[in-house]
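Source file: upload-v2.txt. Holds: compact mmCIF, C-alpha atoms and all ligand atoms.
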# COMPACT_ATOMS: atom_id res chain seq x y z
CA MET A 14 0.00 0.00 0.00
CA THR A 15 0.99 3.63 -0.29
CA ALA A 16 1.17 5.37 3.12
CA SER A 17 -1.29 8.17 3.88
CA GLY A 18 -0.19 11.69 3.00
CA THR A 19 2.53 10.67 0.60
CA CYS A 20 0.52 10.28 -2.62
CA GLY A 21 -2.44 12.62 -2.05
CA TYR A 22 -5.58 11.07 -3.49
CA GLY A 23 -3.65 8.85 -5.88
CA MET A 24 -4.26 11.44 -8.61
CA GLU A 25 -3.89 15.16 -9.25
CA ASP A 26 -6.53 17.53 -10.63
CA ASN A 27 -8.68 14.56 -11.48
CA GLN A 28 -5.92 13.09 -13.64
CA GLU A 29 -4.73 9.67 -12.62
CA GLU A 30 -1.28 11.16 -12.27
CA TYR A 31 0.15 8.93 -9.59
CA SER A 32 -1.37 5.76 -11.06
CA HIS A 33 -0.06 6.79 -14.48
CA LEU A 34 3.43 7.22 -12.99
CA VAL A 35 3.67 3.92 -11.20
CA GLY A 36 0.84 1.65 -12.33
CA THR A 37 -0.83 1.63 -8.93
CA GLU A 38 -3.40 -0.90 -10.13
CA LYS A 39 -0.94 -3.57 -9.07
CA LEU A 40 -0.75 -2.37 -5.46
CA GLY A 41 -2.72 -3.88 -2.59
CA ALA A 42 -4.33 -0.53 -1.80
CA ILE A 43 -3.89 3.22 -1.90
CA VAL A 44 -4.33 5.07 1.38
CA CYS A 45 -5.37 8.67 0.74
CA LYS A 46 -4.37 11.83 2.61
CA GLY A 47 -5.82 12.30 6.11
CA THR A 48 -9.40 13.55 5.73
CA THR A 49 -11.27 15.74 8.22
CA LEU A 50 -14.90 16.91 8.43
CA LYS A 51 -14.05 20.42 7.23
CA PRO A 52 -11.36 21.36 4.68
CA ARG A 53 -8.03 22.36 6.27
CA ASP A 54 -5.24 24.62 4.98
CA GLY A 55 -2.66 22.93 7.17
CA ASN A 56 0.23 24.47 9.09
CA PRO A 57 2.32 27.53 8.17
CA GLN A 58 5.32 27.03 5.83
CA PRO A 59 7.98 25.72 5.88
CA ARG A 60 6.46 22.30 6.43
CA LEU A 61 9.21 19.96 5.26
CA ALA A 62 12.81 19.56 6.38
CA GLU A 63 15.19 16.87 5.22
CA THR A 64 17.20 15.09 7.92
CA ALA A 65 19.92 12.45 7.85
CA SER A 66 18.10 9.42 6.38
CA GLY A 67 14.71 10.97 6.97
CA LEU A 68 12.16 13.71 6.54
CA LEU A 69 10.50 16.00 9.08
CA ASN A 70 7.03 17.13 8.05
CA SER A 71 4.44 19.35 9.67
CA ILE A 72 1.76 19.44 6.98
CA GLY A 73 -1.00 19.66 9.60
CA LEU A 74 -3.63 17.60 7.78
CA GLN A 75 -4.14 19.90 4.80
CA ASN A 76 -7.05 18.34 2.95
CA ILE A 77 -10.21 19.09 0.97
CA GLY A 78 -12.63 17.83 3.64
CA VAL A 79 -14.86 14.77 3.54
CA ASP A 80 -17.75 16.26 1.54
CA ALA A 81 -15.50 17.32 -1.36
CA LEU A 82 -13.72 13.96 -1.14
CA ILE A 83 -17.02 12.11 -1.53
CA LYS A 84 -18.13 14.37 -4.40
CA GLU A 85 -14.89 14.71 -6.36
CA LYS A 86 -12.61 11.76 -5.59
CA THR A 87 -14.66 8.70 -4.75
CA PRO A 88 -16.46 8.50 -8.15
CA ILE A 89 -13.02 8.24 -9.79
CA TRP A 90 -11.82 5.64 -7.29
CA ALA A 91 -14.96 3.59 -7.93
CA GLY A 92 -13.62 2.90 -11.43
CA TRP A 93 -10.19 1.75 -10.22
CA ARG A 94 -9.18 -1.86 -9.69
CA VAL A 95 -6.98 -0.92 -6.74
CA PRO A 96 -8.92 -0.47 -3.47
CA VAL A 97 -8.70 2.96 -1.85
CA ILE A 98 -8.63 3.30 1.94
CA VAL A 99 -9.61 6.68 3.38
CA ASN A 100 -7.44 7.93 6.26
CA ILE A 101 -9.64 9.91 8.70
CA ALA A 102 -8.73 12.34 11.49
CA GLY A 103 -10.74 14.41 13.94
CA ASP A 104 -10.59 16.70 16.96
CA THR A 105 -13.24 14.77 18.89
CA ILE A 106 -14.56 11.20 19.04
CA ASP A 107 -17.75 12.48 17.47
CA ASP A 108 -15.78 13.86 14.48
CA TYR A 109 -14.41 10.37 13.82
CA ALA A 110 -17.88 8.83 14.12
CA GLN A 111 -19.34 11.39 11.71
CA LEU A 112 -16.55 10.82 9.19
CA ALA A 113 -17.05 7.06 9.37
CA GLY A 114 -20.81 7.45 8.96
CA LYS A 115 -20.47 9.73 5.92
CA LEU A 116 -18.04 7.35 4.20
CA ASP A 117 -19.98 4.16 4.97
CA GLY A 118 -21.40 2.65 1.79
CA VAL A 119 -19.78 5.21 -0.54
CA ALA A 120 -18.74 3.52 -3.80
CA GLY A 121 -14.97 3.75 -4.28
CA VAL A 122 -14.17 3.59 -0.55
CA SER A 123 -12.86 0.15 0.46
CA GLY A 124 -11.88 0.81 4.05
CA LEU A 125 -11.07 3.39 6.71
CA GLU A 126 -7.71 4.02 8.33
CA VAL A 127 -8.30 5.82 11.60
CA ASN A 128 -5.47 8.24 12.20
CA ILE A 129 -5.10 8.66 15.96
CA SER A 130 -1.45 9.39 15.53
CA CYS A 131 -0.87 12.69 13.72
CA PRO A 132 1.78 14.61 15.68
CA ASN A 133 1.18 17.83 13.75
CA VAL A 134 -2.21 19.03 14.94
CA LYS A 135 -3.03 20.47 18.36
CA ALA A 136 -6.29 18.77 19.22
CA GLY A 137 -7.01 15.13 18.55
CA GLY A 138 -4.66 13.11 16.41
CA ALA A 139 -1.87 11.67 18.50
CA GLU A 140 -3.58 12.71 21.74
CA PHE A 141 -6.09 9.89 21.17
CA GLY A 142 -3.49 7.33 20.17
CA ALA A 143 -1.15 7.90 23.10
CA ASN A 144 -3.59 6.45 25.59
CA PRO A 145 -5.30 3.00 25.50
CA LYS A 146 -8.63 4.34 26.79
CA SER A 147 -9.05 7.18 24.29
CA ALA A 148 -7.69 5.01 21.46
CA ALA A 149 -10.37 2.43 22.26
CA GLY A 150 -13.02 5.17 22.47
CA VAL A 151 -12.31 6.39 18.94
CA THR A 152 -12.12 2.83 17.58
CA ALA A 153 -15.47 1.82 19.13
CA ALA A 154 -17.19 4.94 17.78
CA VAL A 155 -15.89 4.33 14.25
CA ARG A 156 -16.74 0.63 14.47
CA ALA A 157 -20.32 1.47 15.41
CA ALA A 158 -20.67 3.93 12.51
CA THR A 159 -19.43 1.80 9.62
CA SER A 160 -19.49 -1.65 8.09
CA LEU A 161 -16.22 -0.94 6.23
CA PRO A 162 -12.96 -2.59 7.34
CA VAL A 163 -11.44 -0.44 10.10
CA LEU A 164 -7.66 -0.06 10.27
CA VAL A 165 -6.41 1.90 13.28
CA LYS A 166 -3.11 3.72 12.82
CA LEU A 167 -1.08 4.07 15.99
CA THR A 168 1.52 6.55 17.09
CA PRO A 169 5.01 5.56 18.23
CA ASN A 170 4.88 8.56 20.59
CA THR A 171 3.55 6.53 23.52
CA THR A 172 5.04 4.58 26.40
CA ASP A 173 3.50 1.16 25.75
CA ILE A 174 2.38 0.54 22.17
CA ALA A 175 1.24 -3.04 22.94
CA LYS A 176 -1.29 -1.77 25.51
CA VAL A 177 -2.74 0.70 23.03
CA ALA A 178 -2.90 -2.03 20.37
CA MET A 179 -4.70 -4.42 22.72
CA ALA A 180 -7.27 -1.75 23.63
CA VAL A 181 -7.91 -0.97 19.97
CA ALA A 182 -8.26 -4.68 19.13
CA GLU A 183 -10.77 -5.12 21.94
CA ALA A 184 -12.75 -2.11 20.69
CA GLY A 185 -13.35 -3.69 17.29
CA ALA A 186 -10.48 -2.77 14.94
CA ASP A 187 -9.97 -5.11 11.97
CA ALA A 188 -6.27 -4.29 11.57
CA ILE A 189 -3.57 -2.08 13.04
CA THR A 190 -1.24 0.18 11.06
CA LEU A 191 2.14 0.78 12.68
CA ILE A 192 3.60 3.45 12.74
CA ASN A 193 2.94 7.12 12.13
CA THR A 194 5.82 9.61 12.41
CA LEU A 195 7.99 10.25 15.47
CA LYS A 196 7.90 13.74 16.93
CA GLY A 197 11.00 15.80 16.08
CA ILE A 198 12.39 19.30 15.58
CA ALA A 199 15.01 21.06 13.44
CA ILE A 200 16.63 24.45 14.16
CA ASP A 201 17.58 27.01 11.48
CA ILE A 202 20.90 28.21 12.94
CA SER A 203 21.05 31.35 10.76
CA ARG A 204 17.66 32.53 12.10
CA ARG A 205 18.27 31.00 15.54
CA LYS A 206 14.72 29.63 15.37
CA PRO A 207 12.95 26.33 14.75
CA LEU A 208 13.01 25.61 11.04
CA LEU A 209 9.42 24.43 10.65
CA GLY A 210 6.56 26.92 10.78
CA ASN A 211 4.80 24.63 13.24
CA ILE A 212 8.03 24.33 15.31
CA THR A 213 7.73 20.53 15.68
CA GLY A 214 7.21 17.93 12.98
CA GLY A 215 6.97 14.20 12.41
CA LEU A 216 10.03 12.20 11.43
CA SER A 217 9.67 9.56 8.70
CA GLY A 218 11.91 7.67 6.28
CA PRO A 219 14.76 5.17 6.74
CA ALA A 220 15.77 6.81 10.05
CA ILE A 221 12.67 5.42 11.79
CA LYS A 222 12.74 1.89 10.39
CA PRO A 223 14.25 0.13 13.44
CA VAL A 224 11.71 1.83 15.73
CA ALA A 225 8.78 0.88 13.49
CA LEU A 226 10.05 -2.68 13.17
CA TYR A 227 10.37 -2.98 16.93
CA MET A 228 6.80 -1.79 17.41
CA VAL A 229 5.47 -4.27 14.83
CA TYR A 230 7.41 -7.02 16.58
CA GLU A 231 6.01 -6.10 20.00
CA VAL A 232 2.41 -5.64 18.84
CA ALA A 233 2.47 -8.91 16.86
CA LYS A 234 3.13 -10.71 20.14
CA ALA A 235 0.28 -8.88 21.89
CA VAL A 236 -2.66 -9.01 19.43
CA ASP A 237 -4.13 -11.44 16.92
CA LEU A 238 -5.13 -8.82 14.34
CA PRO A 239 -3.36 -8.30 11.01
CA ILE A 240 -0.66 -5.62 11.28
CA ILE A 241 0.23 -3.25 8.47
CA GLY A 242 3.88 -2.29 8.83
CA CYS A 243 4.96 1.23 7.92
CA GLY A 244 8.02 3.36 8.67
CA GLY A 245 11.14 3.71 6.57
CA ILE A 246 10.32 0.99 4.05
CA ALA A 247 12.22 1.75 0.86
CA THR A 248 13.18 -1.66 -0.51
CA ALA A 249 11.77 -5.19 -0.68
CA SER A 250 14.19 -6.36 1.99
CA ASP A 251 12.90 -3.63 4.34
CA ALA A 252 9.36 -4.88 3.69
CA ILE A 253 10.35 -8.52 4.26
CA GLU A 254 11.86 -7.54 7.62
CA PHE A 255 8.47 -6.10 8.61
CA ILE A 256 6.66 -9.22 7.41
CA MET A 257 9.04 -11.47 9.35
CA ALA A 258 8.49 -9.26 12.43
CA GLY A 259 4.73 -9.89 12.16
CA ALA A 260 3.25 -7.58 9.51
CA SER A 261 0.69 -9.03 7.07
CA ALA A 262 1.04 -6.07 4.71
CA VAL A 263 3.23 -2.98 4.37
CA GLN A 264 2.94 0.66 3.40
CA VAL A 265 5.55 2.75 1.62
CA GLY A 266 5.51 6.48 2.40
CA THR A 267 8.53 8.79 2.23
CA ALA A 268 10.42 6.49 -0.18
CA GLY A 269 7.62 7.01 -2.70
CA MET A 270 8.13 10.79 -2.53
CA VAL A 271 11.74 10.27 -3.67
CA ASN A 272 10.99 7.51 -6.18
CA PRO A 273 7.31 7.22 -7.14
CA SER A 274 7.78 3.62 -8.24
CA ALA A 275 9.13 2.56 -4.80
CA PRO A 276 5.86 0.84 -3.73
CA LEU A 277 5.82 -1.23 -6.94
CA ASP A 278 9.56 -1.98 -6.70
CA VAL A 279 8.96 -3.28 -3.17
CA LEU A 280 6.12 -5.50 -4.42
CA LYS A 281 8.24 -6.88 -7.27
CA GLY A 282 11.17 -7.52 -4.93
CA ILE A 283 8.99 -9.44 -2.46
CA LYS A 284 7.81 -11.73 -5.28
CA GLU A 285 11.43 -12.27 -6.41
CA PHE A 286 12.49 -13.11 -2.84
CA MET A 287 9.64 -15.61 -2.51
CA GLU A 288 10.62 -17.30 -5.78
CA LYS A 289 14.29 -17.44 -4.80
CA GLU A 290 13.50 -18.86 -1.36
CA GLY A 291 10.79 -21.25 -2.57
CA VAL A 292 8.09 -19.53 -0.52
CA GLU A 293 4.66 -20.27 -2.01
CA ASP A 294 2.49 -18.25 0.36
CA ILE A 295 3.56 -15.01 2.03
CA ALA A 296 1.80 -16.26 5.19
CA GLU A 297 4.78 -18.60 5.69
CA LEU A 298 6.90 -15.53 6.42
CA ILE A 299 4.51 -13.50 8.59
CA GLY A 300 5.93 -13.28 12.11
CA VAL A 301 8.53 -15.97 11.48
CA ALA A 302 11.30 -13.97 13.20
CA GLY A 303 9.17 -13.54 16.34
CA ARG A 304 8.17 -17.20 16.60
CA GLN A 305 11.80 -18.38 16.55
CA ASN A 306 12.46 -16.42 19.76
CA ASP A 307 9.43 -17.59 21.75
C1 LIG A 401 4.38 14.51 3.99
C2 LIG A 401 3.73 13.48 4.86
C3 LIG A 401 2.36 13.57 5.12
C4 LIG A 401 1.73 12.61 5.93
N1 LIG A 401 0.38 12.71 6.15
C5 LIG A 401 -0.26 11.74 6.87
C6 LIG A 401 -1.68 11.77 7.06
O1 LIG A 401 -2.38 12.64 6.56
N2 LIG A 401 -2.24 10.78 7.81
C7 LIG A 401 -1.50 9.76 8.37
O2 LIG A 401 -2.05 8.87 9.04
N3 LIG A 401 -0.16 9.70 8.19
C8 LIG A 401 0.48 10.66 7.47
N4 LIG A 401 1.84 10.59 7.28
C9 LIG A 401 2.60 9.47 7.88
C10 LIG A 401 2.86 8.35 6.87
O3 LIG A 401 1.65 7.81 6.37
C11 LIG A 401 3.71 7.23 7.52
O4 LIG A 401 3.02 6.69 8.63
C12 LIG A 401 5.05 7.74 8.01
O5 LIG A 401 5.58 8.69 7.10
C13 LIG A 401 6.09 6.61 8.17
O6 LIG A 401 6.28 5.90 6.96
P1 LIG A 401 7.50 6.24 5.93
O7 LIG A 401 8.76 6.27 6.73
O8 LIG A 401 7.43 5.14 4.91
O9 LIG A 401 7.19 7.57 5.34
C14 LIG A 401 2.48 11.54 6.48
C15 LIG A 401 3.86 11.46 6.21
C16 LIG A 401 4.49 12.39 5.41
C17 LIG A 401 5.97 12.26 5.13
The structure given in the file should be rewritten as structure tokens.
Amino acid sequence: MTASGTCGYGMEDNQEEYSHLVGTEKLGAIVCKGTTLKPRDGNPQPRLAETASGLLNSIGLQNIGVDALIKEKTPIWAGWRVPVIVNIAGDTIDDYAQLAGKLDGVAGVSGLEVNISCPNVKAGGAEFGANPKSAAGVTAAVRAATSLPVLVKLTPNTTDIAKVAMAVAEAGADAITLINTLKGIAIDISRRKPLLGNITGGLSGPAIKPVALYMVYEVAKAVDLPIIGCGGIATASDAIEFIMAGASAVQVGTAGMVNPSAPLDVLKGIKEFMEKEGVEDIAELIGVAGRQND
């Protein structure tokens, strides 16, 4: 899958720009940009800063809002072979429930990814995901409002990710996406000020891979749900590490912003690895590294 926020709506200006670039029809799914009830302009510029092996972003959930998404984007998605999952974010539990209700039954929407992990907005977002009780509250409200598959995307910015994952599983999630970005900061030394307009941002890219992998490994031991691994995946071997740690699927984010064909290259490389190793079903590899250490 593509990771939320790194390929917009899978198209630009109603052109299938991203799919034209990389042939996204072959992917497992496209996850669209975080969607809120009302349109959002996002945070002040600058909103991106490159780091060693990573990227700091503070976009702040800039998006067109759910009503425009339903009107303008979903009819196009309905004609695609690749499923599209809508990433949703809110300031309150009721926002999440309303978003889920509006998107339920809309042609072109194959699932919801509940973002309780955005580090770049003041209210909501990561506040919900940092705590098992509030994470479960959002999950239960979304679950009650939709019959679509519900993926819950967790934040690494918490003390015990396994506890949050267990609470979310109990509250009715169908799958767990791990991880969103890690909170970070960069300073512009010539201005003697934080570089990003929002001061803090979220770190992504290869720099966070070992952290993401660790969290997948820990959560795979704690819950029975499918895990979607995300964080620094740029190559097929990165993805296979996540699968062996316990992920059933993976998302490619920042790497796709550098090389738009990265998600497809990862997919191709996984198939090549399976052929080389004589693996017939990817399920043989899921969690294999964890089981050996039990
Ligand atoms: C520019 C940018 C925008 C993002 N926007 C969202 C978003 O709207 N919703 C969300 O859940 N995650 C968002 N993310 C987080 C990614 O989906 C992903 O969880 C994170 O970047 C780690 O994966 P990566 O290292 O492969 O990029 C964003 C990341 C980046 C770099």
Write out as a Markdown table a residue-level contact list of chain A versus ligand LIG 401 (chain A) with cut-off 7 Å: for each qualifying residue the closest pair of atoms and the distance in Å to one decimal, counting all atoms listed in the file, rows sorted by chain and residue number upward.
| residue | atom | partner | partner_atom | distance |
| --- | --- | --- | --- | --- |
| A:Ala16 | CA | A:LIG401 | O3 | 4.1 |
| A:Ser17 | CA | A:LIG401 | O3 | 3.9 |
| A:Gly18 | CA | A:LIG401 | N1 | 3.4 |
| A:Thr19 | CA | A:LIG401 | C2 | 5.2 |
| A:Lys46 | CA | A:LIG401 | O1 | 4.5 |
| A:Gly47 | CA | A:LIG401 | O1 | 3.5 |
| A:Leu68 | CA | A:LIG401 | C17 | 6.5 |
| A:Asn70 | CA | A:LIG401 | C1 | 5.5 |
| A:Ile72 | CA | A:LIG401 | C3 | 6.2 |
| A:Leu74 | CA | A:LIG401 | O1 | 5.3 |
| A:Asn100 | CA | A:LIG401 | N2 | 6.1 |
| A:Asn128 | CA | A:LIG401 | O2 | 4.7 |
| A:Ser130 | CA | A:LIG401 | O2 | 6.5 |
| A:Cys131 | CA | A:LIG401 | C7 | 6.1 |
| A:Lys166 | CA | A:LIG401 | O2 | 6.5 |
| A:Ile192 | CA | A:LIG401 | O4 | 5.3 |
| A:Asn193 | CA | A:LIG401 | O4 | 3.5 |
| A:Thr194 | CA | A:LIG401 | C12 | 4.8 |
| A:Ser217 | CA | A:LIG401 | O7 | 3.9 |
| A:Gly218 | CA | A:LIG401 | O7 | 3.5 |
| A:Pro219 | CA | A:LIG401 | O7 | 6.1 |
| A:Ile221 | CA | A:LIG401 | O7 | 6.5 |
| A:Lys222 | CA | A:LIG401 | O7 | 7.0 |
| A:Cys243 | CA | A:LIG401 | O6 | 4.9 |
| A:Gly244 | CA | A:LIG401 | O6 | 3.5 |
| A:Gly245 | CA | A:LIG401 | O7 | 3.5 |
| A:Ile246 | CA | A:LIG401 | O8 | 5.1 |
| A:Gln264 | CA | A:LIG401 | O8 | 6.5 |
| A:Val265 | CA | A:LIG401 | O8 | 4.5 |
| A:Gly266 | CA | A:LIG401 | O8 | 3.4 |
| A:Thr267 | CA | A:LIG401 | O9 | 3.6 |
| A:Ala268 | CA | A:LIG401 | O8 | 6.1 |
Arg304 (chain A) environment, 12 Å, all atoms listed in the file, sequence neighbours closer than 4 positions dropped, as a PyMOL selection string: chain A and resi 230-231+233-234+257-259+297-300
Taking the point (11.1, 15.4, 13.3) as given in the file, collect each protein or nucleic acid residue that comes within 7 Å of it, counting all atoms listed in the file, and present the set as a PyMOL selection string. chain A and resi 69-70+195-199+213-216
Which residue out of A:Ile129, A:Ala139, A:Leu161, A:Ala247 has the minimum interatomic distance to Val97 (chain A) when all atoms listed in the file are used? A:Leu161
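Distance annotation: of A:Ala113, A:Ile98, A:Ala275, A:Ile202, the residue with the minimal separation from Ala249 (chain A) is A:Ala275; atom set is all atoms listed in the file.
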Once you add 5 Å to each side, what are the centre and edge lengths of the axis-aligned box holding all listed atoms of region 138-154 of chain A? One decimal in Å, as JSON, if you can.
{"center_x": -9.2, "center_y": 7.5, "center_z": 21.6, "size_x": 26.0, "size_y": 21.3, "size_z": 20.4}
Selected residue, from A:Trp93, A:Asp104, A:Gly67, A:Ala225, that lies nearest to Val271 (chain A) when counting all atoms listed in the file: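 The shortest atom-to-atom distance to Val271 (chain A) comes from A:Gly67.
In terms of minimum interatomic distance to Ile77 (chain A), A:Leu50 ranks closest within A:Leu50, A:Ala154, A:Val236, A:Ile43, counting only C-alpha atoms.
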As an exercise, work out the distance from CA of Gly242 (chain A) to CA of Pro223 (chain A) in Å and give it to one decimal place.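 Separation of CA of Gly242 (chain A) and CA of Pro223 (chain A): 11.6 Å.
Around Val99 (chain A), within 7 Å and counting only C-alpha atoms, the residues found are Val44, Cys45, Val97, Ile101, Val122, Gly124, Leu125 and Glu126 of chain A, once anything fewer than 2 positions away on its own chain is removed.
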Can you work out the spacing between CA of Pro273 (chain A) and CA of Gly36 (chain A) in Å, to one decimal?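 A separation of 10.0 Å between them.
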Quick one: of A:Ser71, A:Val127, A:Ile295, A:Gly55, who's nearest to Leu209 (chain A), counting all atoms listed in the file?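 Looking at the shortest contact to Leu209 (chain A), the residue is A:Ser71.
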CA of Val155 (chain A) and CA of Ala188 (chain A) are how many Å apart? 13.2 Å
Around the point (0.3, -2.4, 21.5) (coordinates from the file), which residues reach within 8 Å if we count only C-alpha atoms? Answer as an MDAnalysis selection string. chainID A and resid 173:180 228 231:232 235:236
In terms of the shortest atom-to-atom distance over all atoms listed in the file, which of A:Leu82, A:Met270, A:Val151, A:Ala65 is closest to Cys20 (chain A)?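 Of all the options, A:Met270 lies closest to Cys20 (chain A).
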